[in-house]
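Read the structure below first, then the notes.
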Amino acid sequence: MKNKMRILSIDYGDTRTGLAITDALNITAQGLETIYNNGNDKIILKKIDELLQKYEIGTIVVGYPLNMNGTKSERTEVTEKLIHKLKCKYNKIEIKYVDERLTTVAAHKTINLLDVGRNKKKNIVDTISAVYILETYLKSVDL
């Protein structure tokens, strides 16, 4: 059986960006890491380059931050610029986006249930959010 191309998800933030990836069969989502990008997209693109060397990635899914009423915000516009950069740089990879409303809230609830210490919370919340974004995408498509 030939392995499918993996799916990478991005929870894009001003300071931190969480990354998650599927297993080789696109059944489960695992958190990879949180990148401290401090507004520098080049750091994110460099990390994606590294991941493309390590994994066969066929799709990148970006969390799309809408307001609770479904309207766009300043953050949405910033995310759209990243999506454009991804489409230009990785034109052989499918770039998708998924409504990420409440993923950070869900990630914080998960962290609280796991009783993660305060200092570690900010290091993993974006990675967990990326997992939720990826799980949302996996539920929405027929692979």
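Letters A, B, ... go to the chains of the structure tokens in the order shown; residues in each chain start at 1; ligands are counted from 1 in the same order.
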In segment 2-36 of chain A, DSSP strand (DSSP E or B) residues written as a list of chain:residue names: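 After running DSSP on the backbone, segment 2-36 of chain A has strand (DSSP E or B) at A:Arg6, A:Ile7, A:Leu8, A:Ser9, A:Ile10, A:Asp11, A:Arg16, A:Thr17, A:Gly18, A:Leu19, A:Ala20, A:Ile21, A:Thr22, A:Ala29, A:Gln30, A:Gly31, A:Leu32, A:Glu33, A:Thr34, A:Ile35, A:Tyr36.
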Who sits within 8 Å of Val98 of chain A, only C-alpha atoms, same chain under 4 positions skipped, as a count of residues only: 7
Using only C-alpha atoms for the distances, tell me which of A:Glu100, A:Glu56, A:Asp41, A:Glu50 is nearest to Lys85 of chain A.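 Closest candidate: A:Asp41.
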Please identify which residues in chain A DSSP calls alpha helix (DSSP H) from the backbone, and express them as a ChimeraX atom specification. /A:41-54,74-89,103-113,118-140
Residue contacts of Met68 of chain A (12 Å, only C-alpha atoms) excluding same-chain residues fewer than 6 positions away, as a PyMOL selection string: chain A and resi 99-103
Would you work out the distance separating atom CA of Thr15 of chain A from atom CA of Ala130 of chain A, expressed in Å to one decimal? 14.7 Å
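Of the residues under consideration (A:Gly31, A:Gly13, A:Gly58, A:Gly18), A:Gly13 shows the shortest atom-to-atom contact distance to Arg75 of chain A when counting only C-alpha atoms.
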Kindly indicate which residue among A:Leu45, A:Lys4, A:Asp14, A:Val141 lies nearest to Cys88 of chain A, using only C-alpha atoms for the distances. A:Leu45
For Asn40 of chain A, please output as a PDB file with C-alpha atoms, in the first residue's frame all residues within 12 Å (counting only C-alpha atoms; exclusion window: fewer than 6 positions along the same chain).
ATOM      1  CA  TYR A  12      -0.471  31.200  12.675  1.00  0.00           C
ATOM      2  CA  GLY A  13       0.132  33.883  15.268  1.00  0.00           C
ATOM      3  CA  ASP A  14       1.970  37.179  15.622  1.00  0.00           C
ATOM      4  CA  THR A  15       4.440  35.806  18.144  1.00  0.00           C
ATOM      5  CA  ARG A  16       4.046  32.026  18.049  1.00  0.00           C
ATOM      6  CA  THR A  17       2.953  29.587  15.366  1.00  0.00           C
ATOM      7  CA  LYS A  46      12.264  28.085   6.774  1.00  0.00           C
ATOM      8  CA  LYS A  47      10.664  25.591   9.182  1.00  0.00           C
ATOM      9  CA  VAL A  78      -2.520  39.106   8.028  1.00  0.00           C
ATOM     10  CA  LEU A  82       0.728  34.288   4.762  1.00  0.00           C
TER      11      LEU A  82
END
